[in-house]
Amino acid sequence: MNKTLHVSHDGFISRHQLWSSEQIAAVEKIQTSIQEKNLRLIRVAWSDQHGISRAKTLTIPAFQGALKEGIDFNTGPLFFDTANAIVFNPFVKGGGFDLEEMTGCPNYALVPDPLTFRVLPWAPQTGWILCDAYLKTGAPLPFDSRQVCRKALKELDEKGYDLMSGLEVEFSLTKIVDNEINPELLGAPGSPGEPPKVRPVARGYQYQLEAHNDEIDEILQVIVANLEDLGLPLRTIEDEWGPSQIEVTFAPMRGIAAADAMLLFRTAVKQISRRHGYIATFMCRPSIPGFFSSGWHLHQSLVDAETGENLFIPEVETESLSVLGKQYIAGILKHARASTVFTTPTINGYKRFKPNSLAPDRAGWGVDNRGTMIRVLGGYGDKNTHFENRAGEPAANPYLYIASQIFAGLDGIENRLDPGEASDEAYLDERESIPRSLQEAVDSLSESNLFQNKMGQLFVDYMIKMKENEISRYMTYVEQEKVQDYQNVVTDWEHREYFEIF
């Protein structure tokens, strides 16, 4: 088999000038990897609107063609909510999107990004690459979340900034007891079946207990080895607050790399765990007795696009953040309610926002205060000065989470907003509350001129309709089952909806 790859000068990618010189140069490295690793298959992946990886697996000759023309990809996944319920009718004019190019569930083009190529250490002779989505005209697909993130980063770059972000992510690791693959338990589109029966991998509530990590060292060693082989900048892995809860952190990454890493990290951990008889879930709070909520804290700073200098270091000793940094967090606080659709996109995630819970319940900020939404770390003379947004859930689409922060933060800079005084008592602060439900967040997004202007009216309307369909199915369940206190209780509906897919 001829495994030599060539960059075409007359294909879809070249014709529409969709690759940078850096991406073109990276194809040579892909060619070397394919030859040296004797690869047979390449998974060509794309992040859907939920931040879930969808993919086609290509043979090497087919992949060679994809580096010229991209690959055709069915628009079908764009029509579905988190349970594969059809939200839009593709067979009406505009495909339900009010976009002519979407009529009839057509194909669009996925264009591989050569800078994201990896060899998957757990899948024999298999490579992996991320894609950007384009219409057949060569224009970006308006519903591609990675393209939305690229747009936000471009706005930063035009102002001379770049984003530096670090991932701090919690998830639950469980051992499969019964896989539950029986026909009567499979469910249907829009009505997920029973997930596998699982058990915790550790008992008790002993925060950062070394013994808990040692109990599951065998699977942790496998996960860590694979993540390192992927080149992900893993820093720490530790036992968290609840049973079976694990937290990992990564070294800071620049630009879109952090979002790509989050997508690959979740995909890798889930696949590796499943191959060894475990289920790793990034669902915020599984419906398993005794399990605690998990969060995703996104650490952020702006750097000079040319020099890499941290622009959040305060100018004077008495301040915790630079003027620019304060303006940036002021924008994020101002738009916190609308952006919660992107930081916390599931119904389940809102059951985490409770007073005195190490999760925020209002849009405030503080200096090294774990009760506030924005926790500032560092200070005068500290080159690592940054903040973390503690409102995120681990199931969030990383591209939309990051894009929402950039657009909101830039609004704060452009309008020279002031975040007010730092909070000492996070849960008593006179600040605007974070939405108590996904419906509240969607209502706030529908009123947000900022996100409609920056992400595009078409995209925001699309996400609102997608989320409203999810909410509608949930409320139907709540009414039929007469669920009491449904805003606080984790229901069986949520467990079926999110446990496996996230």
# chains A, B, ... in the order shown; residues from 1 in each chain; ligands from 1

$ residues_around --residues "segment 53-60 of chain A" --least-positions-apart "2" --cutoff "8 Å" --atoms "only C-alpha atoms" --output "ChimeraX atom specification"
/A:3,39-48,51,62-64,263,267

$ residues_around --residues "Ala408 of chain A" --least-positions-apart "6" --cutoff "9 Å" --atoms "only C-alpha atoms" --output "ChimeraX atom specification"
/A:328-336,339,450-451

$ residues_around --residues "Phe265 of chain A" --least-positions-apart "3" --cutoff "12 Å" --atoms "only C-alpha atoms" --output "PyMOL selection string"
chain A and resi 51-53+120+167-171+223-224+226-234+248-250+257-262+268-273+280+282+394-395+398

$ write_last_selection --atoms "N, CA and C atoms" --output "tab-separated table (two decimals), in the first residue's frame"
chain	number	residue	atom	x	y	z
A	51	GLY	N	-20.00	19.39	22.06
A	51	GLY	CA	-18.62	19.14	22.46
A	51	GLY	C	-18.28	17.67	22.49
A	52	ILE	N	-19.07	16.85	21.78
A	52	ILE	CA	-18.85	15.41	21.69
A	52	ILE	C	-18.16	15.11	20.37
A	53	SER	N	-17.17	14.24	20.39
A	53	SER	CA	-16.43	13.91	19.17
A	53	SER	C	-17.23	12.97	18.28
A	120	LEU	N	-3.02	7.24	18.17
A	120	LEU	CA	-3.73	6.79	19.36
A	120	LEU	C	-3.01	5.59	19.97
A	167	LEU	N	-6.47	23.71	32.16
A	167	LEU	CA	-7.64	22.89	32.47
A	167	LEU	C	-7.51	22.26	33.85
A	168	GLU	N	-8.56	22.38	34.64
A	168	GLU	CA	-8.68	21.69	35.92
A	168	GLU	C	-10.02	20.99	35.90
A	169	VAL	N	-10.01	19.67	35.72
A	169	VAL	CA	-11.23	18.94	35.38
A	169	VAL	C	-11.48	17.79	36.35
A	170	GLU	N	-12.72	17.68	36.80
A	170	GLU	CA	-13.13	16.57	37.65
A	170	GLU	C	-14.03	15.62	36.85
A	171	PHE	N	-13.94	14.33	37.16
A	171	PHE	CA	-14.83	13.35	36.55
A	171	PHE	C	-14.98	12.17	37.51
A	223	ILE	N	-4.20	5.15	32.08
A	223	ILE	CA	-4.70	6.43	31.58
A	223	ILE	C	-3.58	7.44	31.45
A	224	VAL	N	-2.75	7.57	32.48
A	224	VAL	CA	-1.66	8.54	32.47
A	224	VAL	C	-0.68	8.25	31.34
A	226	ASN	N	-1.17	6.75	28.52
A	226	ASN	CA	-1.77	7.06	27.23
A	226	ASN	C	-1.87	8.56	27.00
A	227	LEU	N	-2.24	9.32	28.03
A	227	LEU	CA	-2.32	10.77	27.89
A	227	LEU	C	-0.96	11.37	27.59
A	228	GLU	N	0.07	10.86	28.24
A	228	GLU	CA	1.43	11.35	27.98
A	228	GLU	C	1.87	10.99	26.56
A	229	ASP	N	1.52	9.78	26.10
A	229	ASP	CA	1.86	9.39	24.73
A	229	ASP	C	1.16	10.27	23.70
A	230	LEU	N	0.00	10.80	24.05
A	230	LEU	CA	-0.71	11.71	23.16
A	230	LEU	C	-0.07	13.10	23.12
A	231	GLY	N	0.82	13.37	24.07
A	231	GLY	CA	1.45	14.68	24.14
A	231	GLY	C	0.65	15.70	24.91
A	232	LEU	N	-0.38	15.26	25.66
A	232	LEU	CA	-1.15	16.20	26.47
A	232	LEU	C	-0.34	16.58	27.71
A	233	PRO	N	-0.34	17.87	28.08
A	233	PRO	CA	0.53	18.34	29.17
A	233	PRO	C	-0.05	18.10	30.56
A	234	LEU	N	-0.28	16.84	30.89
A	234	LEU	CA	-0.83	16.46	32.19
A	234	LEU	C	0.12	16.87	33.31
A	248	VAL	N	-7.98	16.12	37.50
A	248	VAL	CA	-6.71	16.24	36.78
A	248	VAL	C	-6.49	17.70	36.41
A	249	THR	N	-5.23	18.08	36.31
A	249	THR	CA	-4.89	19.42	35.84
A	249	THR	C	-3.85	19.31	34.74
A	250	PHE	N	-3.85	20.32	33.88
A	250	PHE	CA	-2.93	20.38	32.76
A	250	PHE	C	-2.16	21.70	32.79
A	257	ALA	N	-5.43	25.47	21.54
A	257	ALA	CA	-4.85	24.19	21.99
A	257	ALA	C	-5.55	23.64	23.22
A	258	ALA	N	-5.99	24.51	24.14
A	258	ALA	CA	-6.63	24.03	25.36
A	258	ALA	C	-7.98	23.38	25.05
A	259	ALA	N	-8.75	23.98	24.15
A	259	ALA	CA	-10.05	23.40	23.77
A	259	ALA	C	-9.85	22.07	23.07
A	260	ASP	N	-8.87	22.00	22.16
A	260	ASP	CA	-8.57	20.74	21.48
A	260	ASP	C	-8.14	19.67	22.48
A	261	ALA	N	-7.33	20.08	23.46
A	261	ALA	CA	-6.85	19.13	24.47
A	261	ALA	C	-7.99	18.59	25.31
A	262	MET	N	-8.96	19.45	25.65
A	262	MET	CA	-10.09	19.01	26.45
A	262	MET	C	-10.92	17.98	25.69
A	268	ALA	N	-10.27	10.35	25.07
A	268	ALA	CA	-9.27	9.34	25.42
A	268	ALA	C	-9.62	8.62	26.72
A	269	VAL	N	-9.95	9.37	27.76
A	269	VAL	CA	-10.23	8.76	29.06
A	269	VAL	C	-11.43	7.83	28.97
A	270	LYS	N	-12.46	8.24	28.26
A	270	LYS	CA	-13.65	7.39	28.13
A	270	LYS	C	-13.33	6.10	27.38
A	271	GLN	N	-12.58	6.22	26.28
A	271	GLN	CA	-12.28	5.03	25.47
A	271	GLN	C	-11.32	4.08	26.20
A	272	ILE	N	-10.30	4.63	26.82
A	272	ILE	CA	-9.34	3.81	27.56
A	272	ILE	C	-10.03	3.09	28.71
A	273	SER	N	-10.84	3.82	29.46
A	273	SER	CA	-11.55	3.24	30.60
A	273	SER	C	-12.46	2.10	30.15
A	280	ALA	N	-15.79	6.05	32.59
A	280	ALA	CA	-15.47	7.39	33.08
A	280	ALA	C	-16.57	8.31	32.56
A	282	PHE	N	-18.13	12.32	32.48
A	282	PHE	CA	-17.94	13.75	32.72
A	282	PHE	C	-19.28	14.43	32.96
A	394	PRO	N	-17.89	19.72	33.65
A	394	PRO	CA	-16.97	18.96	32.80
A	394	PRO	C	-17.57	18.51	31.47
A	395	ALA	N	-18.91	18.59	31.32
A	395	ALA	CA	-19.54	18.21	30.06
A	395	ALA	C	-19.60	19.37	29.07
A	398	PRO	N	-15.87	22.58	25.00
A	398	PRO	CA	-14.72	23.44	25.32
A	398	PRO	C	-14.58	24.65	24.40

$ residues_around --residues "Thr343 of chain A" --least-positions-apart "4" --cutoff "8 Å" --atoms "only C-alpha atoms" --output "list in words"
Ser339, Ala391, Gly392, Glu393, Ala396, Asn397, Leu400 and Tyr401 of chain A

$ select_by_dssp --residues "segment 399-430 of chain A" --states "helix (DSSP H, G or I)" --output "CSV table (one decimal) with all heavy atoms, in the first residue's frame"
chain,number,residue,atom,x,y,z
A,399,TYR,N,-15.0,24.5,23.2
A,399,TYR,CA,-14.9,25.6,22.2
A,399,TYR,C,-15.8,26.8,22.6
A,399,TYR,O,-15.5,27.9,22.5
A,399,TYR,CB,-15.1,25.1,20.8
A,399,TYR,CG,-14.1,24.0,20.4
A,399,TYR,CD1,-14.5,22.7,20.4
A,399,TYR,CD2,-12.8,24.3,20.1
A,399,TYR,CE1,-13.6,21.7,20.1
A,399,TYR,CE2,-11.9,23.3,19.8
A,399,TYR,CZ,-12.3,22.0,19.8
A,399,TYR,OH,-11.4,21.0,19.5
A,400,LEU,N,-17.0,26.4,23.0
A,400,LEU,CA,-18.0,27.4,23.3
A,400,LEU,C,-17.7,28.0,24.7
A,400,LEU,O,-18.0,29.2,25.0
A,400,LEU,CB,-19.4,26.8,23.3
A,400,LEU,CG,-19.8,26.3,21.9
A,400,LEU,CD1,-21.3,25.8,21.9
A,400,LEU,CD2,-19.7,27.4,20.8
A,401,TYR,N,-17.3,27.2,25.6
A,401,TYR,CA,-16.9,27.7,27.0
A,401,TYR,C,-15.8,28.8,26.8
A,401,TYR,O,-15.9,29.9,27.3
A,401,TYR,CB,-16.3,26.5,27.8
A,401,TYR,CG,-16.1,26.7,29.3
A,401,TYR,CD1,-15.8,25.6,30.1
A,401,TYR,CD2,-16.0,28.0,29.8
A,401,TYR,CE1,-15.6,25.8,31.5
A,401,TYR,CE2,-15.8,28.2,31.2
A,401,TYR,CZ,-15.6,27.1,32.0
A,401,TYR,OH,-15.3,27.2,33.3
A,402,ILE,N,-14.8,28.5,26.1
A,402,ILE,CA,-13.7,29.4,25.9
A,402,ILE,C,-14.1,30.6,25.1
A,402,ILE,O,-13.8,31.8,25.4
A,402,ILE,CB,-12.4,28.7,25.2
A,402,ILE,CG1,-11.8,27.8,26.3
A,402,ILE,CG2,-11.4,29.7,24.7
A,402,ILE,CD1,-10.7,26.9,25.7
A,403,ALA,N,-14.8,30.4,24.0
A,403,ALA,CA,-15.3,31.5,23.2
A,403,ALA,C,-16.2,32.5,24.0
A,403,ALA,O,-16.0,33.7,23.9
A,403,ALA,CB,-16.1,31.0,22.0
A,404,SER,N,-17.0,31.9,24.8
A,404,SER,CA,-17.9,32.8,25.6
A,404,SER,C,-17.1,33.7,26.6
A,404,SER,O,-17.4,34.9,26.8
A,404,SER,CB,-18.9,32.0,26.4
A,404,SER,OG,-18.3,31.2,27.5
A,405,GLN,N,-16.0,33.1,27.1
A,405,GLN,CA,-15.1,33.9,28.0
A,405,GLN,C,-14.4,35.1,27.2
A,405,GLN,O,-14.3,36.2,27.7
A,405,GLN,CB,-14.0,33.0,28.6
A,405,GLN,CG,-14.6,31.8,29.4
A,405,GLN,CD,-15.4,32.2,30.6
A,405,GLN,OE1,-14.9,32.5,31.6
A,405,GLN,NE2,-16.7,32.2,30.5
A,406,ILE,N,-13.9,34.7,26.1
A,406,ILE,CA,-13.2,35.8,25.3
A,406,ILE,C,-14.2,36.9,24.9
A,406,ILE,O,-13.8,38.1,25.0
A,406,ILE,CB,-12.6,35.1,24.0
A,406,ILE,CG1,-11.5,34.1,24.4
A,406,ILE,CG2,-12.0,36.2,23.1
A,406,ILE,CD1,-10.9,33.3,23.3
A,407,PHE,N,-15.3,36.6,24.3
A,407,PHE,CA,-16.2,37.6,23.9
A,407,PHE,C,-16.7,38.5,25.0
A,407,PHE,O,-16.8,39.7,24.9
A,407,PHE,CB,-17.5,37.0,23.2
A,407,PHE,CG,-17.2,36.4,21.8
A,407,PHE,CD1,-17.6,35.1,21.4
A,407,PHE,CD2,-16.4,37.1,20.9
A,407,PHE,CE1,-17.4,34.6,20.2
A,407,PHE,CE2,-16.2,36.6,19.6
A,407,PHE,CZ,-16.6,35.4,19.3
A,408,ALA,N,-17.0,37.9,26.2
A,408,ALA,CA,-17.4,38.6,27.3
A,408,ALA,C,-16.3,39.5,27.9
A,408,ALA,O,-16.5,40.6,28.2
A,408,ALA,CB,-18.0,37.7,28.4
A,409,GLY,N,-15.1,38.9,28.0
A,409,GLY,CA,-13.9,39.6,28.5
A,409,GLY,C,-13.5,40.8,27.6
A,409,GLY,O,-13.2,41.8,28.1
A,410,LEU,N,-13.6,40.6,26.3
A,410,LEU,CA,-13.2,41.7,25.4
A,410,LEU,C,-14.3,42.8,25.5
A,410,LEU,O,-13.9,44.0,25.4
A,410,LEU,CB,-13.2,41.2,24.0
A,410,LEU,CG,-11.9,40.5,23.6
A,410,LEU,CD1,-12.0,40.0,22.1
A,410,LEU,CD2,-10.7,41.4,23.7
A,411,ASP,N,-15.5,42.5,25.8
A,411,ASP,CA,-16.5,43.5,26.0
A,411,ASP,C,-16.2,44.3,27.2
A,411,ASP,O,-16.3,45.6,27.3
A,411,ASP,CB,-17.9,42.9,26.2
A,411,ASP,CG,-19.0,43.9,26.3
A,411,ASP,OD1,-19.2,44.7,25.4
A,411,ASP,OD2,-19.6,44.0,27.4
A,412,GLY,N,-15.7,43.7,28.3
A,412,GLY,CA,-15.2,44.4,29.5
A,412,GLY,C,-14.1,45.3,29.2
A,412,GLY,O,-14.0,46.4,29.7
A,413,ILE,N,-13.1,44.9,28.4
A,413,ILE,CA,-11.9,45.7,28.0
A,413,ILE,C,-12.4,46.9,27.2
A,413,ILE,O,-12.0,48.0,27.4
A,413,ILE,CB,-10.9,44.9,27.3
A,413,ILE,CG1,-10.3,43.8,28.2
A,413,ILE,CG2,-9.8,45.8,26.7
A,413,ILE,CD1,-9.3,42.8,27.6
A,414,GLU,N,-13.2,46.6,26.1
A,414,GLU,CA,-13.6,47.7,25.2
A,414,GLU,C,-14.4,48.8,25.9
A,414,GLU,O,-14.3,50.0,25.6
A,414,GLU,CB,-14.4,47.1,24.1
A,414,GLU,CG,-13.5,46.3,23.1
A,414,GLU,CD,-14.3,45.4,22.2
A,414,GLU,OE1,-15.6,45.5,22.2
A,414,GLU,OE2,-13.7,44.6,21.5
A,426,ALA,N,-18.2,35.1,49.9
A,426,ALA,CA,-18.7,34.9,48.5
A,426,ALA,C,-20.2,34.6,48.5
A,426,ALA,O,-20.9,35.1,47.5
A,426,ALA,CB,-18.0,33.6,48.0
A,427,TYR,N,-20.8,33.9,49.5
A,427,TYR,CA,-22.2,33.5,49.4
A,427,TYR,C,-23.1,34.5,50.0
A,427,TYR,O,-24.3,34.3,50.1
A,427,TYR,CB,-22.4,32.1,50.0
A,427,TYR,CG,-21.6,31.1,49.2
A,427,TYR,CD1,-20.4,30.5,49.7
A,427,TYR,CD2,-22.0,30.6,48.0
A,427,TYR,CE1,-19.7,29.6,49.0
A,427,TYR,CE2,-21.3,29.7,47.3
A,427,TYR,CZ,-20.1,29.2,47.8
A,427,TYR,OH,-19.4,28.2,47.1
A,428,LEU,N,-22.6,35.6,50.5
A,428,LEU,CA,-23.4,36.7,51.1
A,428,LEU,C,-23.2,38.0,50.2
A,428,LEU,O,-23.8,39.0,50.6
A,428,LEU,CB,-23.0,37.0,52.5
A,428,LEU,CG,-23.1,35.8,53.5
A,428,LEU,CD1,-22.6,36.2,54.9
A,428,LEU,CD2,-24.6,35.4,53.6

$ atom_distance --atom1 "atom CA of Gly420 of chain A" --atom2 "atom CA of Pro345 of chain A"
27.6 Å
